[in-house]
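Student: Encoded as structure tokens, here's the structure I'll be asking about.
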Amino acid sequence: MIEFALPWAFALLALPFLVRWLSPPHRESQDSLQVPYFQRLVLLSGETPRSGASVLRRRRIQALFSMLAWCLLVVAAAQPEWVGEPINVEKSARDLMLALDLSGSMDARDFSNAEGEQKNRLSAAKAVLRDFAAQREGDRLGLIVFGNAAYLQAPFTDDIPTWLTLLDESEVAMAGQSTALGDAIGLAISLFQSSETSNRVLIVLTDGNDTGSRVPPIDAATIAATNNVTIYTVAVGDPSTIGEEALDLETLNAIADLTQGASFQALDSEGLQMAYDEINRLEPAKYDSLSYRPRSSLFHVPLACFAILCLVALPLFALRGWRRQKTVRV
């Protein structure tokens with residue numbers, strides 16, 4: 001389908017008619033003979049006197065070519081465009097941040113895979129997160145790692161392979177031995193504030209309680225709730241553990257409740273997989289669908305036709321005029 005970007009330009013089609021109507025005709029002087037007995041000559045010849053300057057009249061073919069050339073210029077000025085079929089583009093509609101605990105206790109080998117092989121908690125979490133990320137094609141993923149403090153490992157991105165590479169590079173204790181859970185939530189909030197989407201989800205995976213945050217986890221969760229951030233907490237490890245490595249299930253449940261999220265507990269790889277499957281169900285991937293129609297400019301087509309018309313018509317008219325003058329002289 002063809003559309004015009006500047007349809008008002010077609011009003012210029014009337015310009016030649018306005019010029020012809022409002023401006024006086026061009027007169028061209030011709031040779032004449034002046035005699036003292038002009039009036040007697042008029043009476044004897046019976047001719048009607050005319051002005052010494054004549055108005056040139058175009059031939060019909062010249063007028064036709066002139067009108068066609070002007071129409072082509074006006075069409076080019078209106079900027080014709082070829083409009084293609086609608087194309088739908090889906091873009092990310094949610095920013096999903098994962099906060100991964102890298103404290104020393106994540107090295108405990110109390111998880112087993114499908115083959116029964118023992119692996120540490122972080123390796124089990126990575127395996128599940130790979131499957132989880134593969135199902136989040138409609139989301140932008142981010143990654144925060146925390147230990148003694150919280151650090152941004154991967155900013156929000158829809159480049160899932162790169163995100164997985166940064167996840168694989170995360171190692172136990174690289175952020176310290178402690179568990180700064182509240183600081184991880186606070187860092188996520190600051191990152192969400194610069195996000196354009198209103199669908200904000202934070203998933204926290206930890207195997208201990210908060211031992212070194214500057215902001216208590218409950219206070220951080222309260223701030224997250226005011227910023228429309230939904231938090232899902234996943235507790236991994238043995239709930240009977242005591243001391244600094246003990247699971248603070250009460251705090252994790254409170255964080256989820258304050259932000260209208262959910263809390264899960266995973267004692268093994270299967271439980272961890274079930275937790276993320278449930279999060280997938282509660283937070284299905286979302287897309288913002290954008291529709292546009294590709295446009296290709298076609299103004300060069302009428303301009304090319306105008307050029308061809310001039311290259312053909314002008315030499316023909318010049319040749320016709322030359323032959324006419326030659327005939328008159330003969």
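Note on naming: chains are A, B, ... as they come in the structure tokens, residues start from 1 per chain, ligands start from 1 in the order shown.
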So that I can check the secondary structure, give me every residue of range 129-321 of chain A assigned alpha helix (DSSP H) by backbone DSSP, as a count of residues only.
Tutor: 84
Student: Excluding same-chain residues fewer than 3 positions from range 261-272 of chain A, what lies within 8 Å of it counting only C-alpha atoms, as a ChimeraX atom specification?
Tutor: /A:110-113,124-125,128,230-238,252-253,256-258,275-276
Student: If you keep N, CA, C and O atoms, can you produce a file of those selected residues as an mmCIF file, in the first residue's frame?
Tutor:
data_model
loop_
_atom_site.group_PDB
_atom_site.id
_atom_site.type_symbol
_atom_site.label_atom_id
_atom_site.label_comp_id
_atom_site.auth_asym_id
_atom_site.auth_seq_id
_atom_site.Cartn_x
_atom_site.Cartn_y
_atom_site.Cartn_z
ATOM 1 N N ASP A 110 25.481 -31.405 50.363
ATOM 2 C CA ASP A 110 24.326 -32.157 50.855
ATOM 3 C C ASP A 110 23.205 -32.227 49.822
ATOM 4 O O ASP A 110 22.054 -32.508 50.158
ATOM 5 N N PHE A 111 23.529 -31.936 48.562
ATOM 6 C CA PHE A 111 22.574 -32.059 47.465
ATOM 7 C C PHE A 111 23.059 -33.160 46.522
ATOM 8 O O PHE A 111 24.261 -33.384 46.368
ATOM 9 N N SER A 112 22.130 -33.844 45.896
ATOM 10 C CA SER A 112 22.489 -34.898 44.945
ATOM 11 C C SER A 112 21.712 -34.676 43.649
ATOM 12 O O SER A 112 20.581 -34.197 43.666
ATOM 13 N N ASN A 113 22.350 -35.051 42.523
ATOM 14 C CA ASN A 113 21.690 -34.910 41.231
ATOM 15 C C ASN A 113 20.899 -36.160 40.893
ATOM 16 O O ASN A 113 20.753 -37.067 41.717
ATOM 17 N N ALA A 124 24.145 -27.157 42.750
ATOM 18 C CA ALA A 124 22.745 -27.555 42.556
ATOM 19 C C ALA A 124 21.898 -26.347 42.165
ATOM 20 O O ALA A 124 21.028 -26.439 41.284
ATOM 21 N N ALA A 125 22.169 -25.198 42.810
ATOM 22 C CA ALA A 125 21.405 -23.989 42.482
ATOM 23 C C ALA A 125 21.678 -23.534 41.056
ATOM 24 O O ALA A 125 20.762 -23.145 40.320
ATOM 25 N N VAL A 128 19.735 -25.674 38.485
ATOM 26 C CA VAL A 128 18.315 -25.339 38.430
ATOM 27 C C VAL A 128 18.112 -23.974 37.785
ATOM 28 O O VAL A 128 17.179 -23.776 36.993
ATOM 29 N N THR A 230 8.101 -7.525 43.979
ATOM 30 C CA THR A 230 7.640 -8.793 44.548
ATOM 31 C C THR A 230 8.855 -9.682 44.808
ATOM 32 O O THR A 230 9.698 -9.863 43.929
ATOM 33 N N ILE A 231 8.948 -10.219 46.027
ATOM 34 C CA ILE A 231 10.103 -11.022 46.408
ATOM 35 C C ILE A 231 9.674 -12.461 46.673
ATOM 36 O O ILE A 231 8.732 -12.712 47.437
ATOM 37 N N TYR A 232 10.385 -13.393 46.033
ATOM 38 C CA TYR A 232 10.226 -14.822 46.304
ATOM 39 C C TYR A 232 11.503 -15.298 46.982
ATOM 40 O O TYR A 232 12.606 -15.039 46.484
ATOM 41 N N THR A 233 11.368 -15.958 48.107
ATOM 42 C CA THR A 233 12.529 -16.452 48.838
ATOM 43 C C THR A 233 12.606 -17.970 48.726
ATOM 44 O O THR A 233 11.593 -18.662 48.813
ATOM 45 N N VAL A 234 13.816 -18.451 48.502
ATOM 46 C CA VAL A 234 14.061 -19.896 48.420
ATOM 47 C C VAL A 234 15.145 -20.237 49.425
ATOM 48 O O VAL A 234 16.293 -19.788 49.296
ATOM 49 N N ALA A 235 14.793 -21.000 50.445
ATOM 50 C CA ALA A 235 15.737 -21.421 51.484
ATOM 51 C C ALA A 235 16.272 -22.801 51.131
ATOM 52 O O ALA A 235 15.508 -23.722 50.867
ATOM 53 N N VAL A 236 17.573 -22.939 51.098
ATOM 54 C CA VAL A 236 18.197 -24.225 50.787
ATOM 55 C C VAL A 236 18.986 -24.718 51.990
ATOM 56 O O VAL A 236 19.488 -23.922 52.788
ATOM 57 N N GLY A 237 19.114 -26.023 52.144
ATOM 58 C CA GLY A 237 19.893 -26.587 53.239
ATOM 59 C C GLY A 237 19.021 -27.195 54.322
ATOM 60 O O GLY A 237 17.795 -27.299 54.210
ATOM 61 N N ASP A 238 19.668 -27.576 55.384
ATOM 62 C CA ASP A 238 19.021 -28.273 56.500
ATOM 63 C C ASP A 238 18.423 -27.267 57.477
ATOM 64 O O ASP A 238 19.151 -26.443 58.054
ATOM 65 N N LEU A 252 12.473 -15.124 56.223
ATOM 66 C CA LEU A 252 12.235 -15.331 54.795
ATOM 67 C C LEU A 252 10.746 -15.345 54.481
ATOM 68 O O LEU A 252 10.317 -14.786 53.456
ATOM 69 N N ASN A 253 9.952 -15.941 55.337
ATOM 70 C CA ASN A 253 8.494 -15.936 55.133
ATOM 71 C C ASN A 253 7.933 -14.530 55.244
ATOM 72 O O ASN A 253 7.047 -14.139 54.470
ATOM 73 N N ALA A 256 8.614 -12.474 52.081
ATOM 74 C CA ALA A 256 7.705 -12.827 50.995
ATOM 75 C C ALA A 256 6.301 -12.285 51.238
ATOM 76 O O ALA A 256 5.650 -11.780 50.316
ATOM 77 N N ASP A 257 5.837 -12.366 52.470
ATOM 78 C CA ASP A 257 4.489 -11.880 52.782
ATOM 79 C C ASP A 257 4.385 -10.370 52.598
ATOM 80 O O ASP A 257 3.366 -9.863 52.093
ATOM 81 N N LEU A 258 5.405 -9.631 53.018
ATOM 82 C CA LEU A 258 5.369 -8.173 52.908
ATOM 83 C C LEU A 258 5.297 -7.708 51.455
ATOM 84 O O LEU A 258 4.702 -6.665 51.164
ATOM 85 N N ALA A 275 10.641 -25.664 43.589
ATOM 86 C CA ALA A 275 10.467 -24.271 44.008
ATOM 87 C C ALA A 275 10.485 -23.334 42.811
ATOM 88 O O ALA A 275 9.624 -22.453 42.664
ATOM 89 N N TYR A 276 11.435 -23.537 41.907
ATOM 90 C CA TYR A 276 11.524 -22.648 40.740
ATOM 91 C C TYR A 276 10.419 -22.944 39.730
ATOM 92 O O TYR A 276 9.971 -22.034 39.011
#
Student: Residues at most 12 Å from range 80-87 of chain A, counting only C-alpha atoms, excluding those fewer than 3 positions away in the same chain, as a PyMOL selection string?
Tutor: chain A and resi 1-7+9-10+72-77+90+289-303
Student: For Lys126 in chain A, find every residue with an atom within 9 Å (counting only C-alpha atoms), except residues of its own chain fewer than 3 positions away, and show them as a list in words.
Tutor: Arg121, Leu122, Ser123, Leu129, Arg130, Asp131, Leu164, Leu167 and Asp168 of chain A
Student: Taking all heavy atoms for each residue, export the selection above as a JSON list (two decimals), in the first residue's frame.
Tutor:
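Below is the file that was written, selection05.json:
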[["chain", "number", "residue", "atom", "x", "y", "z"],
["A", 121, "ARG", "N", 25.75, -27.02, 47.42],
["A", 121, "ARG", "CA", 24.49, -26.29, 47.26],
["A", 121, "ARG", "C", 24.55, -25.32, 46.08],
["A", 121, "ARG", "O", 23.57, -25.16, 45.35],
["A", 121, "ARG", "CB", 24.17, -25.53, 48.55],
["A", 121, "ARG", "CG", 23.93, -26.44, 49.75],
["A", 121, "ARG", "CD", 23.82, -25.64, 51.03],
["A", 121, "ARG", "NE", 23.59, -26.52, 52.18],
["A", 121, "ARG", "CZ", 23.53, -26.10, 53.44],
["A", 121, "ARG", "NH1", 23.69, -24.80, 53.73],
["A", 121, "ARG", "NH2", 23.32, -26.96, 54.42],
["A", 122, "LEU", "N", 25.69, -24.67, 45.90],
["A", 122, "LEU", "CA", 25.79, -23.70, 44.80],
["A", 122, "LEU", "C", 25.70, -24.39, 43.45],
["A", 122, "LEU", "O", 25.03, -23.89, 42.54],
["A", 122, "LEU", "CB", 27.11, -22.92, 44.92],
["A", 122, "LEU", "CG", 27.35, -21.86, 43.83],
["A", 122, "LEU", "CD1", 26.24, -20.82, 43.85],
["A", 122, "LEU", "CD2", 28.72, -21.20, 44.01],
["A", 123, "SER", "N", 26.36, -25.53, 43.29],
["A", 123, "SER", "CA", 26.29, -26.26, 42.02],
["A", 123, "SER", "C", 24.86, -26.69, 41.72],
["A", 123, "SER", "O", 24.40, -26.62, 40.58],
["A", 123, "SER", "CB", 27.21, -27.48, 42.07],
["A", 123, "SER", "OG", 28.57, -27.09, 42.21],
["A", 129, "LEU", "N", 19.00, -23.02, 38.09],
["A", 129, "LEU", "CA", 18.86, -21.68, 37.53],
["A", 129, "LEU", "C", 19.07, -21.67, 36.02],
["A", 129, "LEU", "O", 18.48, -20.84, 35.33],
["A", 129, "LEU", "CB", 19.86, -20.72, 38.20],
["A", 129, "LEU", "CG", 19.52, -20.33, 39.64],
["A", 129, "LEU", "CD1", 20.63, -19.47, 40.23],
["A", 129, "LEU", "CD2", 18.19, -19.58, 39.71],
["A", 130, "ARG", "N", 19.88, -22.57, 35.50],
["A", 130, "ARG", "CA", 20.04, -22.66, 34.05],
["A", 130, "ARG", "C", 18.73, -23.02, 33.38],
["A", 130, "ARG", "O", 18.34, -22.43, 32.37],
["A", 130, "ARG", "CB", 21.13, -23.68, 33.70],
["A", 130, "ARG", "CG", 22.54, -23.26, 34.10],
["A", 130, "ARG", "CD", 23.57, -24.24, 33.54],
["A", 130, "ARG", "NE", 24.87, -24.02, 34.18],
["A", 130, "ARG", "CZ", 25.33, -24.75, 35.18],
["A", 130, "ARG", "NH1", 24.61, -25.76, 35.66],
["A", 130, "ARG", "NH2", 26.52, -24.50, 35.69],
["A", 131, "ASP", "N", 18.06, -24.03, 33.93],
["A", 131, "ASP", "CA", 16.75, -24.41, 33.37],
["A", 131, "ASP", "C", 15.74, -23.29, 33.55],
["A", 131, "ASP", "O", 14.91, -23.04, 32.67],
["A", 131, "ASP", "CB", 16.25, -25.69, 34.05],
["A", 131, "ASP", "CG", 17.13, -26.89, 33.73],
["A", 131, "ASP", "OD1", 17.81, -26.86, 32.70],
["A", 131, "ASP", "OD2", 17.14, -27.85, 34.54],
["A", 164, "LEU", "N", 24.01, -16.45, 31.77],
["A", 164, "LEU", "CA", 24.40, -17.77, 32.25],
["A", 164, "LEU", "C", 25.92, -17.86, 32.44],
["A", 164, "LEU", "O", 26.40, -18.52, 33.37],
["A", 164, "LEU", "CB", 23.93, -18.84, 31.28],
["A", 164, "LEU", "CG", 22.42, -19.08, 31.22],
["A", 164, "LEU", "CD1", 22.06, -20.04, 30.09],
["A", 164, "LEU", "CD2", 21.91, -19.63, 32.56],
["A", 167, "LEU", "N", 26.67, -16.27, 35.65],
["A", 167, "LEU", "CA", 26.23, -17.15, 36.73],
["A", 167, "LEU", "C", 27.28, -18.24, 36.97],
["A", 167, "LEU", "O", 27.63, -18.54, 38.13],
["A", 167, "LEU", "CB", 24.88, -17.78, 36.38],
["A", 167, "LEU", "CG", 24.39, -18.88, 37.34],
["A", 167, "LEU", "CD1", 24.07, -18.29, 38.71],
["A", 167, "LEU", "CD2", 23.15, -19.58, 36.75],
["A", 168, "ASP", "N", 27.79, -18.86, 35.90],
["A", 168, "ASP", "CA", 28.78, -19.92, 36.04],
["A", 168, "ASP", "C", 30.07, -19.41, 36.68],
["A", 168, "ASP", "O", 30.79, -20.18, 37.33],
["A", 168, "ASP", "CB", 29.09, -20.53, 34.67],
["A", 168, "ASP", "CG", 27.92, -21.35, 34.13],
["A", 168, "ASP", "OD1", 27.10, -21.82, 34.95],
["A", 168, "ASP", "OD2", 27.82, -21.50, 32.89]]
Student: What lies within 8 Å of Asn227 in chain A using only C-alpha atoms, ignoring chain neighbours under 3 positions off, as a list in words?
Tutor: Ile189, Gln193, Ile223 and Ala224 of chain A
Student: Pick from A:Phe317, A:Phe156, A:Tyr151, A:Trp163: nearest to Ala184 in chain A, with only C-alpha atoms counted?
Tutor: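 Going through A:Phe317, A:Phe156, A:Tyr151, A:Trp163 one by one, the smallest distance to Ala184 in chain A is for A:Tyr151.
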Student: What's around Pro16 in chain A at 12 Å? Count only C-alpha atoms, leave out sequence neighbours fewer than 4 positions away in its own chain, and write the answer as a PyMOL selection string.
Tutor: chain A and resi 11-12+20-23+63+66-71+74
Student: Keeping only N, CA and C atoms, write the selected residues as a PDB file, in the first residue's frame.
Tutor:
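Now in part.pdb:
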ATOM      1  N   ALA A  11      -1.932  20.219  -2.709  1.00  0.00           N
ATOM      2  CA  ALA A  11      -2.553  21.528  -2.939  1.00  0.00           C
ATOM      3  C   ALA A  11      -1.762  22.342  -3.962  1.00  0.00           C
ATOM      4  N   LEU A  12      -0.478  21.993  -4.152  1.00  0.00           N
ATOM      5  CA  LEU A  12       0.357  22.705  -5.126  1.00  0.00           C
ATOM      6  C   LEU A  12      -0.069  22.434  -6.556  1.00  0.00           C
ATOM      7  N   ARG A  20      -1.724  31.409 -13.775  1.00  0.00           N
ATOM      8  CA  ARG A  20      -2.284  31.799 -15.075  1.00  0.00           C
ATOM      9  C   ARG A  20      -3.453  32.756 -14.904  1.00  0.00           C
ATOM     10  N   TRP A  21      -4.199  32.579 -13.831  1.00  0.00           N
ATOM     11  CA  TRP A  21      -5.382  33.419 -13.622  1.00  0.00           C
ATOM     12  C   TRP A  21      -5.019  34.800 -13.086  1.00  0.00           C
ATOM     13  N   LEU A  22      -4.023  34.858 -12.184  1.00  0.00           N
ATOM     14  CA  LEU A  22      -3.714  36.108 -11.493  1.00  0.00           C
ATOM     15  C   LEU A  22      -2.641  36.941 -12.187  1.00  0.00           C
ATOM     16  N   SER A  23      -1.734  36.307 -12.905  1.00  0.00           N
ATOM     17  CA  SER A  23      -0.638  37.076 -13.513  1.00  0.00           C
ATOM     18  C   SER A  23      -0.963  37.386 -14.975  1.00  0.00           C
ATOM     19  N   ALA A  63       1.511  21.766 -23.564  1.00  0.00           N
ATOM     20  CA  ALA A  63       0.737  21.945 -22.333  1.00  0.00           C
ATOM     21  C   ALA A  63       0.578  20.633 -21.574  1.00  0.00           C
ATOM     22  N   SER A  66       3.843  19.780 -19.883  1.00  0.00           N
ATOM     23  CA  SER A  66       4.072  20.679 -18.748  1.00  0.00           C
ATOM     24  C   SER A  66       3.236  20.264 -17.544  1.00  0.00           C
ATOM     25  N   MET A  67       1.978  19.940 -17.775  1.00  0.00           N
ATOM     26  CA  MET A  67       1.110  19.507 -16.679  1.00  0.00           C
ATOM     27  C   MET A  67       1.595  18.196 -16.068  1.00  0.00           C
ATOM     28  N   LEU A  68       2.023  17.269 -16.933  1.00  0.00           N
ATOM     29  CA  LEU A  68       2.517  15.989 -16.430  1.00  0.00           C
ATOM     30  C   LEU A  68       3.785  16.169 -15.600  1.00  0.00           C
ATOM     31  N   ALA A  69       4.678  17.036 -16.067  1.00  0.00           N
ATOM     32  CA  ALA A  69       5.917  17.288 -15.324  1.00  0.00           C
ATOM     33  C   ALA A  69       5.629  17.904 -13.960  1.00  0.00           C
ATOM     34  N   TRP A  70       4.693  18.859 -13.916  1.00  0.00           N
ATOM     35  CA  TRP A  70       4.349  19.491 -12.640  1.00  0.00           C
ATOM     36  C   TRP A  70       3.719  18.476 -11.681  1.00  0.00           C
ATOM     37  N   CYS A  71       2.861  17.627 -12.200  1.00  0.00           N
ATOM     38  CA  CYS A  71       2.235  16.592 -11.353  1.00  0.00           C
ATOM     39  C   CYS A  71       3.281  15.659 -10.757  1.00  0.00           C
ATOM     40  N   VAL A  74       4.994  17.442  -7.887  1.00  0.00           N
ATOM     41  CA  VAL A  74       4.123  17.527  -6.708  1.00  0.00           C
ATOM     42  C   VAL A  74       4.046  16.182  -5.999  1.00  0.00           C
TER      43      VAL A  74
END
Student: If you measure from CA of Leu316 in chain A to CA of Pro24 in chain A, what distance in Å do you get, rounded to one decimal?
Tutor: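 Distance between the two atoms: 28.1 Å.
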